[in-house]
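**Q** You'll find upload-v9.cif just under this line, and it carries mmCIF, C-alpha atoms and all ligand atoms.
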```
data_protein
loop_
_atom_site.group_PDB
_atom_site.id
_atom_site.type_symbol
_atom_site.label_atom_id
_atom_site.label_comp_id
_atom_site.auth_asym_id
_atom_site.auth_seq_id
_atom_site.Cartn_x
_atom_site.Cartn_y
_atom_site.Cartn_z
ATOM 1 C CA MET A 1 73.893 29.015 86.505
ATOM 2 C CA GLU A 2 70.484 29.846 87.904
ATOM 3 C CA THR A 3 70.270 33.615 87.656
ATOM 4 C CA TYR A 4 71.127 36.284 85.155
ATOM 5 C CA ARG A 5 74.716 37.518 85.247
ATOM 6 C CA LEU A 6 75.366 41.168 84.437
ATOM 7 C CA TYR A 7 78.883 42.205 83.482
ATOM 8 C CA GLY A 8 79.446 45.881 84.083
ATOM 9 C CA HIS A 9 81.472 48.437 85.945
ATOM 10 C CA LEU A 10 80.494 50.907 88.624
ATOM 11 C CA GLY A 11 79.355 54.187 87.098
ATOM 12 C CA TRP A 12 79.332 52.869 83.528
ATOM 13 C CA GLY A 13 76.389 52.290 81.208
ATOM 14 C CA SER A 14 75.724 48.876 82.692
ATOM 15 C CA ALA A 15 73.896 50.783 85.437
ATOM 16 C CA LEU A 16 71.010 51.242 83.007
ATOM 17 C CA ILE A 17 70.587 47.498 82.669
ATOM 18 C CA GLU A 18 71.075 46.967 86.379
ATOM 19 C CA ALA A 19 68.283 49.448 87.057
ATOM 20 C CA GLN A 20 65.982 47.504 84.725
ATOM 21 C CA LEU A 21 66.756 44.202 86.419
ATOM 22 C CA VAL A 22 65.958 45.753 89.799
ATOM 23 C CA TRP A 23 62.809 47.408 88.402
ATOM 24 C CA TYR A 24 61.482 44.117 87.065
ATOM 25 C CA GLY A 25 62.564 42.153 90.121
ATOM 26 C CA ILE A 26 64.863 39.896 88.140
ATOM 27 C CA ALA A 27 67.471 38.145 90.279
ATOM 28 C CA TYR A 28 70.982 38.711 88.998
ATOM 29 C CA GLU A 29 74.613 38.507 89.942
ATOM 30 C CA PHE A 30 76.744 41.555 89.168
ATOM 31 C CA VAL A 31 80.205 40.818 87.813
ATOM 32 C CA ASP A 32 82.619 43.739 87.826
ATOM 33 C CA ALA A 33 84.262 43.585 84.409
ATOM 34 C CA GLY A 34 86.875 46.100 85.493
ATOM 35 C CA ASN A 35 88.027 49.265 83.778
ATOM 36 C CA LEU A 36 88.129 48.155 80.151
ATOM 37 C CA PHE A 37 90.053 51.258 79.107
ATOM 38 C CA GLU A 38 92.910 50.684 81.543
ATOM 39 C CA ASP A 39 93.018 46.966 82.270
ATOM 40 C CA GLY A 40 94.126 44.826 79.325
ATOM 41 C CA ALA A 41 93.335 41.555 81.081
ATOM 42 C CA ALA A 42 89.812 42.759 81.858
ATOM 43 C CA LEU A 43 89.346 43.757 78.220
ATOM 44 C CA SER A 44 90.539 40.343 77.035
ATOM 45 C CA ASP A 45 88.127 38.646 79.418
ATOM 46 C CA ILE A 46 85.075 40.629 78.349
ATOM 47 C CA LYS A 47 85.939 40.071 74.686
ATOM 48 C CA LYS A 48 85.352 36.355 75.277
ATOM 49 C CA LEU A 49 81.720 37.276 75.875
ATOM 50 C CA ASN A 50 81.406 40.377 73.711
ATOM 51 C CA PRO A 51 83.848 40.703 70.809
ATOM 52 C CA ALA A 52 83.214 44.463 70.881
ATOM 53 C CA GLY A 53 84.952 44.560 74.253
ATOM 54 C CA GLN A 54 82.207 46.514 75.956
ATOM 55 C CA VAL A 55 79.755 46.287 78.790
ATOM 56 C CA PRO A 56 76.937 45.790 79.521
ATOM 57 C CA VAL A 57 76.842 42.081 78.827
ATOM 58 C CA LEU A 58 73.922 40.096 80.181
ATOM 59 C CA VAL A 59 74.169 36.321 80.376
ATOM 60 C CA ALA A 60 70.826 34.588 80.776
ATOM 61 C CA PRO A 61 70.302 31.508 82.942
ATOM 62 C CA ASN A 62 70.288 29.386 79.768
ATOM 63 C CA GLY A 63 73.724 30.741 78.830
ATOM 64 C CA GLU A 64 72.548 33.099 76.099
ATOM 65 C CA VAL A 65 74.824 36.115 75.875
ATOM 66 C CA MET A 66 73.215 39.475 75.199
ATOM 67 C CA THR A 67 75.003 42.702 74.375
ATOM 68 C CA GLU A 68 73.961 46.230 73.365
ATOM 69 C CA SER A 69 71.857 48.144 75.853
ATOM 70 C CA ALA A 70 68.911 48.573 73.477
ATOM 71 C CA ALA A 71 68.808 44.870 72.620
ATOM 72 C CA ILE A 72 69.061 43.891 76.276
ATOM 73 C CA THR A 73 66.312 46.371 77.130
ATOM 74 C CA LEU A 74 64.059 44.804 74.509
ATOM 75 C CA SER A 75 64.811 41.310 75.720
ATOM 76 C CA VAL A 76 64.184 42.080 79.381
ATOM 77 C CA MET A 77 61.074 44.104 78.611
ATOM 78 C CA THR A 78 59.503 41.304 76.603
ATOM 79 C CA SER A 79 60.522 38.557 79.023
ATOM 80 C CA PRO A 80 57.920 37.110 81.392
ATOM 81 C CA PHE A 81 59.360 39.406 84.074
ATOM 82 C CA GLY A 82 58.803 42.543 81.999
ATOM 83 C CA ALA A 83 55.362 41.477 80.821
ATOM 84 C CA THR A 84 54.245 40.798 84.373
ATOM 85 C CA SER A 85 55.509 44.123 85.614
ATOM 86 C CA THR A 86 54.270 46.447 82.899
ATOM 87 C CA GLY A 87 51.436 44.556 81.254
ATOM 88 C CA THR A 88 52.048 46.228 77.925
ATOM 89 C CA CYS A 89 55.006 47.661 76.114
ATOM 90 C CA PRO A 90 55.344 51.437 76.601
ATOM 91 C CA ALA A 91 54.524 53.316 73.392
ATOM 92 C CA GLY A 92 57.943 54.932 73.367
ATOM 93 C CA PHE A 93 59.482 51.542 72.768
ATOM 94 C CA SER A 94 57.561 50.874 69.570
ATOM 95 C CA PHE A 95 60.732 51.013 67.458
ATOM 96 C CA LEU A 96 62.360 48.415 69.662
ATOM 97 C CA MET A 97 59.411 46.131 69.063
ATOM 98 C CA SER A 98 59.774 46.387 65.289
ATOM 99 C CA ASP A 99 61.263 43.647 63.146
ATOM 100 C CA ASN A 100 63.996 46.064 62.157
ATOM 101 C CA ALA A 101 65.243 46.513 65.693
ATOM 102 C CA ALA A 102 64.926 42.837 66.473
ATOM 103 C CA SER A 103 67.002 41.818 63.488
ATOM 104 C CA SER A 104 69.730 44.344 64.291
ATOM 105 C CA SER A 105 69.978 43.367 67.931
ATOM 106 C CA ASN A 106 73.201 41.835 69.047
ATOM 107 C CA ARG A 107 72.499 38.388 70.378
ATOM 108 C CA LEU A 108 75.236 35.857 70.469
ATOM 109 C CA PRO A 109 74.704 32.120 70.673
ATOM 110 C CA ALA A 110 75.025 30.490 74.061
ATOM 111 C CA SER A 111 77.899 28.439 72.679
ATOM 112 C CA ILE A 112 80.183 31.477 72.826
ATOM 113 C CA ASN A 113 79.930 31.246 76.605
ATOM 114 C CA SER A 114 81.078 27.638 76.906
HETATM 115 N N1 LIG B 201 76.430 50.384 72.034
HETATM 116 C C1 LIG B 201 76.803 49.875 73.324
HETATM 117 C C2 LIG B 201 77.823 50.811 73.953
HETATM 118 C C3 LIG B 201 78.396 50.229 75.206
HETATM 119 C C4 LIG B 201 79.512 51.070 75.740
HETATM 120 O O1 LIG B 201 79.835 52.124 75.197
HETATM 121 N N2 LIG B 201 80.090 50.594 76.833
HETATM 122 C C5 LIG B 201 81.217 51.274 77.428
HETATM 123 C C6 LIG B 201 80.967 51.553 78.894
HETATM 124 S S1 LIG B 201 79.507 52.504 79.173
HETATM 125 C C7 LIG B 201 82.423 50.364 77.372
HETATM 126 O O2 LIG B 201 82.328 49.209 77.705
HETATM 127 N N3 LIG B 201 83.563 50.894 76.930
HETATM 128 C C8 LIG B 201 84.797 50.166 76.906
HETATM 129 C C9 LIG B 201 85.397 50.123 75.540
HETATM 130 O O3 LIG B 201 84.764 50.581 74.573
HETATM 131 O O4 LIG B 201 86.524 49.640 75.425
HETATM 132 C C10 LIG B 201 75.575 49.703 74.205
HETATM 133 O O5 LIG B 201 74.608 50.459 74.000
HETATM 134 O O6 LIG B 201 75.553 48.816 75.074
#
```
I need this file expressed as structure tokens, please.
Ligand SMILES: N[C@@H](CCC(=O)N[C@@H](CS)C(=O)NCC(=O)O)C(=O)O

**A**
Amino acid sequence: METYRLYGHLGWGSALIEAQLVWYGIAYEFVDAGNLFEDGAALSDIKKLNPAGQVPVLVAPNGEVMTESAAITLSVMTSPFGATSTGTCPAGFSFLMSDNAASSSNRLPASINS
């Protein structure tokens, strides 16, 4: 896998992460996870990546699986892409930059994706 893969669904909260990827110019593939409320198979599939059974899920090129919009936002913002685009972290994100937020973020090991 060479690009990020974003699991989401049209009109759902994954749009927030998609907007960030576009904003930062990060190449990604969008994977429609389906309607997780109505499609049991889709829910089972996404649970293989995110045990919470929710989108957004962002899979990095190295296979790392990221969940939780705030944690993904922090990760993208502090990636080389985010740093290049913004230069510095917006003040409003100071909580996200704290150790507290970092330790509560929901990162899963790449091995869960294999
Ligand atoms: N705390 C999560 C919430 C994610 C969330 O609520 N996702 C919804 C769609 S916007 C979902 O996947 N719902 C399906 C379900 O809960 O079964 C985040 O911020 O990413």

**Q** Please identify all polymer residues within 10 Å of Asp45 of chain A, counting all atoms listed in the file, omitting same-chain residues fewer than 5 positions from it, and present them as a list in words.

**A** Ala33, Gly34, Leu36, Gly40, Asn50, Pro51 and Gly53 of chain A

**Q** Enter the distance from atom CA of Met77 of chain A to atom C7 of ligand LIG 201 (chain B), in Å, rounded to one decimal.

**A**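 Value for the atom CA of Met77 of chain A-atom C7 of ligand LIG 201 (chain B) distance: 22.3 Å.
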
**Q** Quote the spacing between atom CA of Phe81 of chain A and atom CA of Lys47 of chain A in Å to one decimal place.

**A** 28.2 Å

**Q** Name the closest residue to Thr3 of chain A among the candidates A:Ala52, A:Ala60, A:Ala42, A:Ile72; distances are taken between atoms, counting only C-alpha atoms.

**A**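 For Thr3 of chain A, the nearest of the given residues is A:Ala60.
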
**Q** Determine the axis-aligned bounding box of all atoms of ligand LIG 201 (chain B) present in the file, pad each side by 3 Å, and express its centre and edge lengths in Å to one decimal place as JSON.

**A**
```
{"center_x": 80.6, "center_y": 50.7, "center_z": 75.6, "size_x": 17.9, "size_y": 9.7, "size_z": 13.1}
```

**Q** I would like the residues chosen by the PyMOL selection byres (((not hetatm)) within 9 of (chain B and resi 201)) on the shown file; could you give them as number ranges by chain?

**A** A: 8-9, 11-15, 33, 35-38, 43, 52-57, 67-72

**Q** Could you list the residues chosen by the PyMOL selection byres (((chain A and resi 58) around 6) and not hetatm) in this structure as a list in words?

**A**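 Listing what the PyMOL selection byres (((chain A and resi 58) around 6) and not hetatm) selects in the shown file: Arg5, Leu6, Val57, Val59, Val65 and Met66 of chain A.
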
**Q** If you apply the PyMOL selection byres (((chain A and resi 30) around 7) and not hetatm) to this file, what residues do you get, as a ChimeraX atom specification?

**A** /A:5-7,28-29,31-32

**Q** One number please: atom CA of Pro61 of chain A to atom CA of Glu2 of chain A, in Å, one decimal.

**A**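 Going from atom CA of Pro61 of chain A over to atom CA of Glu2 of chain A covers 5.2 Å.
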
**Q** Looking at A:Ile26, A:Leu16, A:Ile46, A:Ala41, which one is nearest to Pro80 of chain A, with distances taken over all atoms listed in the file?

**A**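 That would be A:Ile26, the residue with the smallest distance to Pro80 of chain A.
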
**Q** Using all atoms listed in the file, pick whichever of A:Thr78, A:Asn62, A:Thr73, A:Ser44 has the shortest atom-to-atom distance to Ala19 of chain A.

**A** A:Thr73
